[in-house]
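Input: a single structure, listed below in structure tokens.
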Amino acid sequence: MDKSYWWEFEGWRHELAPYVVLVSAFIEHRLTGAEFEVMFLKLYKTDPTKWEDELFRALDGLFAAVDDYCADPRILEEVGGLDEAGMRSKGESTLRELRAIPGSHRL
């Protein structure tokens with residue numbers, strides 16, 4: 001049975017698909033900030049892909065936002081960082097950035 005998935009219809013490179021699916025689930029409120037943080041960090045830190053510079057900068061920018069995320073409002077108020085809404089906003093901008101990068105989609 002041939003299965004096709006939405007990220008295949010959109011033409012994402014297979015190396016980017018896990019990031020696209022994960023970020024999409026988060027910005028669609030299917031994951032909490034804490035769930036996204038755990039899953040993204042695991043994916044990013046174990047990814048052996050040698051990304052082109054533009055793709056690396058986009059993913060690394062999201063990594064920095066996830067690293068800056070804090071779920072505890074008291075700590076967030078004290079030391080700063082990103083709350084869930086801020087991290088979700090960064091996820092949205094990262095998807096837009098990835099879509100615009102040549103080479104992020106299959107030819």
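Residues are named by chain letter and number: chains run A, B, ... in the order of the structure tokens, numbers start at 1 in each chain, and ligands are numbered from 1 in the order shown.
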
What are the DSSP alpha helix (DSSP H) residues of chain A, as a PDB file with C-alpha atoms, in the first residue's frame?
```pdb
ATOM      1  CA  TRP A   6       1.426  15.964   3.682  1.00  0.00           C
ATOM      2  CA  TRP A   7       5.130  16.778   4.002  1.00  0.00           C
ATOM      3  CA  GLU A   8       5.768  14.657   0.912  1.00  0.00           C
ATOM      4  CA  PHE A   9       3.087  16.552  -1.018  1.00  0.00           C
ATOM      5  CA  ALA A  17      10.700  16.282   7.354  1.00  0.00           C
ATOM      6  CA  PRO A  18      11.119  15.367  11.056  1.00  0.00           C
ATOM      7  CA  TYR A  19      11.716  19.035  11.917  1.00  0.00           C
ATOM      8  CA  VAL A  20       8.810  20.237   9.783  1.00  0.00           C
ATOM      9  CA  VAL A  21       6.415  17.698  11.298  1.00  0.00           C
ATOM     10  CA  LEU A  22       7.537  18.459  14.857  1.00  0.00           C
ATOM     11  CA  VAL A  23       7.404  22.247  14.493  1.00  0.00           C
ATOM     12  CA  SER A  24       4.054  22.046  12.710  1.00  0.00           C
ATOM     13  CA  ALA A  25       2.571  19.940  15.518  1.00  0.00           C
ATOM     14  CA  PHE A  26       3.825  22.468  18.055  1.00  0.00           C
ATOM     15  CA  ILE A  27       2.551  25.584  16.309  1.00  0.00           C
ATOM     16  CA  GLY A  33       6.123  23.756  25.027  1.00  0.00           C
ATOM     17  CA  ALA A  34       7.654  21.194  27.379  1.00  0.00           C
ATOM     18  CA  GLU A  35       6.866  18.321  24.991  1.00  0.00           C
ATOM     19  CA  PHE A  36       8.267  20.230  22.024  1.00  0.00           C
ATOM     20  CA  GLU A  37      11.411  21.141  23.962  1.00  0.00           C
ATOM     21  CA  VAL A  38      12.190  17.506  24.824  1.00  0.00           C
ATOM     22  CA  MET A  39      11.447  16.193  21.343  1.00  0.00           C
ATOM     23  CA  PHE A  40      13.235  18.972  19.462  1.00  0.00           C
ATOM     24  CA  LEU A  41      16.388  18.773  21.589  1.00  0.00           C
ATOM     25  CA  LYS A  42      16.568  14.989  21.135  1.00  0.00           C
ATOM     26  CA  LEU A  43      16.124  15.327  17.365  1.00  0.00           C
ATOM     27  CA  TYR A  44      18.536  18.231  16.948  1.00  0.00           C
ATOM     28  CA  LYS A  45      21.313  16.860  19.162  1.00  0.00           C
ATOM     29  CA  THR A  46      21.313  13.425  17.509  1.00  0.00           C
ATOM     30  CA  ASP A  53      24.766  27.056   5.858  1.00  0.00           C
ATOM     31  CA  GLU A  54      21.305  28.603   5.410  1.00  0.00           C
ATOM     32  CA  LEU A  55      19.475  25.521   6.625  1.00  0.00           C
ATOM     33  CA  PHE A  56      21.842  25.182   9.569  1.00  0.00           C
ATOM     34  CA  ARG A  57      21.305  28.815  10.572  1.00  0.00           C
ATOM     35  CA  ALA A  58      17.522  28.383  10.493  1.00  0.00           C
ATOM     36  CA  LEU A  59      17.580  25.199  12.581  1.00  0.00           C
ATOM     37  CA  ASP A  60      20.238  26.555  14.924  1.00  0.00           C
ATOM     38  CA  GLY A  61      18.164  29.697  15.475  1.00  0.00           C
ATOM     39  CA  LEU A  62      15.264  27.497  16.554  1.00  0.00           C
ATOM     40  CA  PHE A  63      17.635  25.539  18.797  1.00  0.00           C
ATOM     41  CA  ALA A  64      18.669  28.803  20.475  1.00  0.00           C
ATOM     42  CA  ALA A  65      15.005  29.667  21.080  1.00  0.00           C
ATOM     43  CA  VAL A  66      14.288  26.226  22.529  1.00  0.00           C
ATOM     44  CA  ASP A  67      17.366  26.573  24.725  1.00  0.00           C
ATOM     45  CA  ASP A  68      16.013  29.937  25.914  1.00  0.00           C
ATOM     46  CA  PRO A  73       6.717  31.724  34.902  1.00  0.00           C
ATOM     47  CA  ARG A  74       8.521  32.654  38.137  1.00  0.00           C
ATOM     48  CA  ILE A  75      11.925  31.780  36.744  1.00  0.00           C
ATOM     49  CA  LEU A  76      11.035  33.363  33.419  1.00  0.00           C
ATOM     50  CA  GLU A  77      10.147  36.610  35.165  1.00  0.00           C
ATOM     51  CA  GLU A  78      13.362  36.511  37.171  1.00  0.00           C
ATOM     52  CA  VAL A  79      15.918  35.609  34.514  1.00  0.00           C
ATOM     53  CA  GLU A  84       5.677  28.972  25.190  1.00  0.00           C
ATOM     54  CA  ALA A  85       4.087  31.657  23.010  1.00  0.00           C
ATOM     55  CA  GLY A  86       7.501  33.108  22.177  1.00  0.00           C
ATOM     56  CA  MET A  87       8.870  29.705  21.250  1.00  0.00           C
ATOM     57  CA  ARG A  88       5.770  28.989  19.138  1.00  0.00           C
ATOM     58  CA  SER A  89       6.298  32.302  17.327  1.00  0.00           C
ATOM     59  CA  LYS A  90       9.911  31.330  16.636  1.00  0.00           C
ATOM     60  CA  GLY A  91       8.704  27.977  15.294  1.00  0.00           C
ATOM     61  CA  GLU A  92       6.361  29.760  12.880  1.00  0.00           C
ATOM     62  CA  SER A  93       9.103  32.081  11.652  1.00  0.00           C
ATOM     63  CA  THR A  94      11.502  29.146  11.279  1.00  0.00           C
ATOM     64  CA  LEU A  95       9.037  27.281   9.044  1.00  0.00           C
ATOM     65  CA  ARG A  96       8.639  30.397   6.884  1.00  0.00           C
ATOM     66  CA  GLU A  97      12.410  30.744   6.725  1.00  0.00           C
ATOM     67  CA  LEU A  98      12.892  27.085   5.774  1.00  0.00           C
ATOM     68  CA  ARG A  99      10.269  27.329   3.022  1.00  0.00           C
ATOM     69  CA  ALA A 100      12.159  30.246   1.481  1.00  0.00           C
TER      70      ALA A 100
END
```

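Our summary of the geometry notes that atom CA of Lys50 of chain A is positioned 22.3 Å from atom CA of Glu10 of chain A.
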
Expected answer as a PyMOL selection string: strand (DSSP E or B) residues in chain A: chain A and resi 12+69+82+105

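Atom CA of Thr32 of chain A sits 13.1 Å away from atom CA of Asp72 of chain A.
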
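The residue that comes closest to Pro48 of chain A, out of A:Glu15, A:Leu82, A:Gly103, A:Ala71 and on the basis of only C-alpha atoms, is A:Glu15.
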
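Omitting Arg13 of chain A and its sequence neighbours fewer than 6 positions away, and counting only C-alpha atoms, the residues within 6 Å are Ser104, His105 and Arg106 of chain A.
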
The selected residues should be written to file as a PDB file, in the first residue's frame (atoms: N, CA and C atoms).
```
ATOM      1  N   SER A 104      15.621  23.424   0.331  1.00  0.00           N
ATOM      2  CA  SER A 104      14.860  22.825   1.431  1.00  0.00           C
ATOM      3  C   SER A 104      13.802  21.854   0.914  1.00  0.00           C
ATOM      4  N   HIS A 105      13.566  21.901  -0.380  1.00  0.00           N
ATOM      5  CA  HIS A 105      12.580  21.021  -1.000  1.00  0.00           C
ATOM      6  C   HIS A 105      13.265  20.159  -2.056  1.00  0.00           C
ATOM      7  N   ARG A 106      12.673  19.009  -2.311  1.00  0.00           N
ATOM      8  CA  ARG A 106      13.201  18.134  -3.370  1.00  0.00           C
ATOM      9  C   ARG A 106      13.006  18.817  -4.715  1.00  0.00           C
TER      10      ARG A 106
END
```

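Comparing A:Cys70, A:His29, A:Gly81, A:Ile101 by their smallest distance to Leu16 of chain A, the closest is A:Ile101 (using only C-alpha atoms).
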